[in-house]
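The structure appears right after this line, and notes come after that.
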Amino acid sequence: MSTAKSSSTDLRSEFDRLDCDKDGFITIQEFRAYYAQKNTDQSTIEKAFAEIDADKDGLVTFEEFQRAYKQ
Ligand SMILES: [Ca+2]
Ligand SMILES: [Ca+2]
């Protein structure tokens, strides 16, 4: 297991990779585009996105992202 400090840095770079247009939010389109490259199937992607998007506004903020990965 990594330390809290390094894991939050990793999360930040992972978040930035997903946030293609760098607006600070991950949309379902960005999320889908990223995971489609990894051959993740559509329903798994949608389900994962819905779980991360805690307030269901269709956007994943870094805070939501971080919360999802800390569980
Ligand atoms: Ca974005
Ligand atoms: Ca949200």
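Following the order of the structure tokens, first chain is A, next is B, and so on, with residues numbered from 1 inside each chain and ligands from 1 in the order they appear.
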Requested in this report: Please check which protein, DNA or RNA residues sit within 6 Å of ligand 2, counting only C-alpha atoms and all ligand atoms, and write them as a list in words.
Outcome: Asp53, Ala54, Asp55, Lys56, Asp57, Gly58, Leu59, Val60 and Thr61 of chain A
Next, dump the selected residues to file, keeping only C-alpha atoms, as a PDB file, in the first residue's frame.
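In the end it all went to again23.pdb:
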ATOM      1  CA  ASP A  53     -20.871  10.339  -9.471  1.00  0.00           C
ATOM      2  CA  ALA A  54     -22.303  10.485  -5.955  1.00  0.00           C
ATOM      3  CA  ASP A  55     -24.681  13.432  -6.529  1.00  0.00           C
ATOM      4  CA  LYS A  56     -25.789  12.151  -9.972  1.00  0.00           C
ATOM      5  CA  ASP A  57     -25.267  15.423 -11.823  1.00  0.00           C
ATOM      6  CA  GLY A  58     -23.490  13.674 -14.690  1.00  0.00           C
ATOM      7  CA  LEU A  59     -20.111  15.160 -13.770  1.00  0.00           C
ATOM      8  CA  VAL A  60     -17.410  13.645 -11.630  1.00  0.00           C
ATOM      9  CA  THR A  61     -15.463  16.207  -9.612  1.00  0.00           C
TER      10      THR A  61
END
Query raised in the report: Within 6 Å of ligand 1, counting only C-alpha atoms and all ligand atoms: which residues, as JSON, numbers by chain?
Result: {"A": [19, 20, 21, 22, 23, 24, 25, 26, 27]}
Export N, CA and C atoms of the chosen residues as a PDB file, in the first residue's frame?
ATOM      1  N   ASP A  19      -9.815  13.561 -17.449  1.00  0.00           N
ATOM      2  CA  ASP A  19     -10.395  14.863 -17.787  1.00  0.00           C
ATOM      3  C   ASP A  19      -9.696  15.437 -19.025  1.00  0.00           C
ATOM      4  N   CYS A  20     -10.086  14.946 -20.188  1.00  0.00           N
ATOM      5  CA  CYS A  20      -9.414  15.294 -21.458  1.00  0.00           C
ATOM      6  C   CYS A  20      -9.374  16.791 -21.725  1.00  0.00           C
ATOM      7  N   ASP A  21     -10.476  17.499 -21.491  1.00  0.00           N
ATOM      8  CA  ASP A  21     -10.515  18.929 -21.814  1.00  0.00           C
ATOM      9  C   ASP A  21     -10.085  19.816 -20.635  1.00  0.00           C
ATOM     10  N   LYS A  22      -9.632  19.176 -19.539  1.00  0.00           N
ATOM     11  CA  LYS A  22      -9.084  19.896 -18.373  1.00  0.00           C
ATOM     12  C   LYS A  22     -10.013  20.973 -17.800  1.00  0.00           C
ATOM     13  N   ASP A  23     -11.315  20.683 -17.776  1.00  0.00           N
ATOM     14  CA  ASP A  23     -12.235  21.660 -17.190  1.00  0.00           C
ATOM     15  C   ASP A  23     -12.499  21.369 -15.710  1.00  0.00           C
ATOM     16  N   GLY A  24     -11.844  20.355 -15.184  1.00  0.00           N
ATOM     17  CA  GLY A  24     -11.998  20.041 -13.768  1.00  0.00           C
ATOM     18  C   GLY A  24     -13.120  19.060 -13.455  1.00  0.00           C
ATOM     19  N   PHE A  25     -13.806  18.586 -14.505  1.00  0.00           N
ATOM     20  CA  PHE A  25     -14.861  17.595 -14.330  1.00  0.00           C
ATOM     21  C   PHE A  25     -14.663  16.453 -15.318  1.00  0.00           C
ATOM     22  N   ILE A  26     -15.039  15.266 -14.901  1.00  0.00           N
ATOM     23  CA  ILE A  26     -15.049  14.143 -15.840  1.00  0.00           C
ATOM     24  C   ILE A  26     -16.503  13.885 -16.228  1.00  0.00           C
ATOM     25  N   THR A  27     -16.780  13.969 -17.511  1.00  0.00           N
ATOM     26  CA  THR A  27     -18.116  13.657 -18.007  1.00  0.00           C
ATOM     27  C   THR A  27     -18.168  12.175 -18.376  1.00  0.00           C
TER      28      THR A  27
END
Requested in this report: Just the residues within 9 Å of A:Ala68, please, counting only C-alpha atoms, with nothing from its chain fewer than 2 positions along; format it as a list in words.
Outcome: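 That gives Glu51, Ile52, Asp53, Ala54, Glu63, Glu64, Phe65, Gln66, Lys70 and Gln71 of chain A.
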Report task. From a DSSP pass on the backbone, collect the residues of chain A flagged as strand (DSSP E) and hand them back as number ranges by chain. Result -> A: 25-27, 59-61
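Computed from the coordinates, the atom CA of A:Ser43 to atom CA of A:Thr9 distance equals 28.5 Å.
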Query - Of the listed residues A:Ile45, A:Ile28, A:Ala33, A:Leu11, that which approaches A:Arg67 most closely, counting only C-alpha atoms - result: A:Leu11
Requested in this report: Would you mind listing what lies within 10 Å of A:Arg32 as a list in words, with only C-alpha atoms counted and same-chain residues fewer than 3 positions away left out?
Outcome: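 So the residues in contact are Leu18, Ile26, Thr27, Ile28, Gln29, Tyr35, Ala36, Gln37, Lys38, Thr40, Asp41, Gln42, Thr44, Ile45, Glu46 and Phe49 of chain A.
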Keeping N, CA and C atoms, export the residues of the selection given above as a PDB file, in the first residue's frame.
ATOM      1  N   LEU A  18      -8.163  11.353 -17.208  1.00  0.00           N
ATOM      2  CA  LEU A  18      -9.565  11.153 -17.575  1.00  0.00           C
ATOM      3  C   LEU A  18     -10.216  12.448 -18.061  1.00  0.00           C
ATOM      4  N   ILE A  26     -15.039  15.266 -14.901  1.00  0.00           N
ATOM      5  CA  ILE A  26     -15.049  14.143 -15.840  1.00  0.00           C
ATOM      6  C   ILE A  26     -16.503  13.885 -16.228  1.00  0.00           C
ATOM      7  N   THR A  27     -16.780  13.969 -17.511  1.00  0.00           N
ATOM      8  CA  THR A  27     -18.116  13.657 -18.007  1.00  0.00           C
ATOM      9  C   THR A  27     -18.168  12.175 -18.376  1.00  0.00           C
ATOM     10  N   ILE A  28     -19.368  11.667 -18.572  1.00  0.00           N
ATOM     11  CA  ILE A  28     -19.518  10.273 -18.997  1.00  0.00           C
ATOM     12  C   ILE A  28     -18.809  10.037 -20.335  1.00  0.00           C
ATOM     13  N   GLN A  29     -18.826  11.028 -21.218  1.00  0.00           N
ATOM     14  CA  GLN A  29     -18.134  10.897 -22.514  1.00  0.00           C
ATOM     15  C   GLN A  29     -16.631  10.718 -22.336  1.00  0.00           C
ATOM     16  N   TYR A  35     -11.972   4.522 -20.849  1.00  0.00           N
ATOM     17  CA  TYR A  35     -12.048   3.093 -20.530  1.00  0.00           C
ATOM     18  C   TYR A  35     -12.318   2.218 -21.748  1.00  0.00           C
ATOM     19  N   ALA A  36     -12.869   2.802 -22.793  1.00  0.00           N
ATOM     20  CA  ALA A  36     -13.081   2.043 -24.031  1.00  0.00           C
ATOM     21  C   ALA A  36     -11.729   1.614 -24.616  1.00  0.00           C
ATOM     22  N   GLN A  37     -10.715   2.470 -24.443  1.00  0.00           N
ATOM     23  CA  GLN A  37      -9.354   2.138 -24.910  1.00  0.00           C
ATOM     24  C   GLN A  37      -8.800   0.920 -24.181  1.00  0.00           C
ATOM     25  N   LYS A  38      -9.287   0.719 -22.974  1.00  0.00           N
ATOM     26  CA  LYS A  38      -8.807  -0.409 -22.175  1.00  0.00           C
ATOM     27  C   LYS A  38      -9.700  -1.635 -22.341  1.00  0.00           C
ATOM     28  N   THR A  40     -12.769  -2.021 -21.739  1.00  0.00           N
ATOM     29  CA  THR A  40     -13.749  -2.228 -20.674  1.00  0.00           C
ATOM     30  C   THR A  40     -15.136  -2.182 -21.317  1.00  0.00           C
ATOM     31  N   ASP A  41     -16.023  -3.099 -20.920  1.00  0.00           N
ATOM     32  CA  ASP A  41     -17.311  -3.094 -21.619  1.00  0.00           C
ATOM     33  C   ASP A  41     -18.230  -1.977 -21.125  1.00  0.00           C
ATOM     34  N   GLN A  42     -19.100  -1.556 -22.035  1.00  0.00           N
ATOM     35  CA  GLN A  42     -19.975  -0.399 -21.859  1.00  0.00           C
ATOM     36  C   GLN A  42     -20.763  -0.390 -20.540  1.00  0.00           C
ATOM     37  N   THR A  44     -20.121  -1.956 -17.735  1.00  0.00           N
ATOM     38  CA  THR A  44     -19.202  -1.801 -16.598  1.00  0.00           C
ATOM     39  C   THR A  44     -18.805  -0.334 -16.442  1.00  0.00           C
ATOM     40  N   ILE A  45     -18.550   0.314 -17.572  1.00  0.00           N
ATOM     41  CA  ILE A  45     -18.167   1.725 -17.569  1.00  0.00           C
ATOM     42  C   ILE A  45     -19.291   2.584 -16.984  1.00  0.00           C
ATOM     43  N   GLU A  46     -20.504   2.379 -17.490  1.00  0.00           N
ATOM     44  CA  GLU A  46     -21.647   3.179 -17.027  1.00  0.00           C
ATOM     45  C   GLU A  46     -21.915   2.973 -15.539  1.00  0.00           C
ATOM     46  N   PHE A  49     -19.192   4.703 -13.503  1.00  0.00           N
ATOM     47  CA  PHE A  49     -19.405   6.149 -13.514  1.00  0.00           C
ATOM     48  C   PHE A  49     -20.522   6.542 -12.549  1.00  0.00           C
TER      49      PHE A  49
END
Query - Shortest interatomic distance to A:Ala48 - which of A:Phe15, A:Phe31, A:Asp10, A:Phe62, counting only C-alpha atoms - result: A:Phe31
Requested in this report: Per DSSP on the backbone, filter chain A down to the residues in helix (DSSP H, G or I) and report them as a ChimeraX atom specification.
Outcome: /A:4-18,28-36,42-52,62-70
Next, dump the selected residues to file, keeping only C-alpha atoms, as a short mmCIF file (atom, residue, chain, number, x, y, z; two decimals), in the first residue's frame.
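again_10.cif, freshly written:
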data_model
loop_
_atom_site.label_atom_id
_atom_site.label_comp_id
_atom_site.auth_asym_id
_atom_site.auth_seq_id
_atom_site.Cartn_x
_atom_site.Cartn_y
_atom_site.Cartn_z
CA ALA A 4 -1.74 8.85 1.68
CA LYS A 5 0.43 11.52 0.08
CA SER A 6 1.59 9.51 -2.91
CA SER A 7 -1.84 7.96 -3.48
CA SER A 8 -3.46 11.39 -3.65
CA THR A 9 -0.85 12.45 -6.24
CA ASP A 10 -1.58 9.30 -8.23
CA LEU A 11 -5.28 10.05 -8.08
CA ARG A 12 -4.69 13.59 -9.30
CA SER A 13 -2.77 12.38 -12.34
CA GLU A 14 -5.35 9.65 -12.98
CA PHE A 15 -8.08 12.30 -12.76
CA ASP A 16 -6.21 14.59 -15.17
CA ARG A 17 -5.83 11.72 -17.63
CA LEU A 18 -9.56 11.15 -17.58
CA ILE A 28 -19.52 10.27 -19.00
CA GLN A 29 -18.13 10.90 -22.51
CA GLU A 30 -14.60 11.39 -21.19
CA PHE A 31 -14.93 8.46 -18.85
CA ARG A 32 -16.23 6.22 -21.64
CA ALA A 33 -13.52 7.31 -24.11
CA TYR A 34 -10.80 6.51 -21.59
CA TYR A 35 -12.05 3.09 -20.53
CA ALA A 36 -13.08 2.04 -24.03
CA GLN A 42 -19.98 -0.40 -21.86
CA SER A 43 -22.18 -1.54 -18.97
CA THR A 44 -19.20 -1.80 -16.60
CA ILE A 45 -18.17 1.72 -17.57
CA GLU A 46 -21.65 3.18 -17.03
CA LYS A 47 -22.02 1.40 -13.70
CA ALA A 48 -18.62 2.59 -12.47
CA PHE A 49 -19.41 6.15 -13.51
CA ALA A 50 -22.76 6.10 -11.72
CA GLU A 51 -21.05 4.85 -8.56
CA ILE A 52 -18.39 7.55 -8.64
CA PHE A 62 -12.04 15.44 -8.15
CA GLU A 63 -13.69 15.27 -4.74
CA GLU A 64 -16.12 12.56 -5.88
CA PHE A 65 -13.32 10.74 -7.64
CA GLN A 66 -11.17 10.81 -4.54
CA ARG A 67 -14.03 9.66 -2.33
CA ALA A 68 -14.80 6.72 -4.63
CA TYR A 69 -11.20 5.54 -4.59
CA LYS A 70 -10.86 5.83 -0.82
#
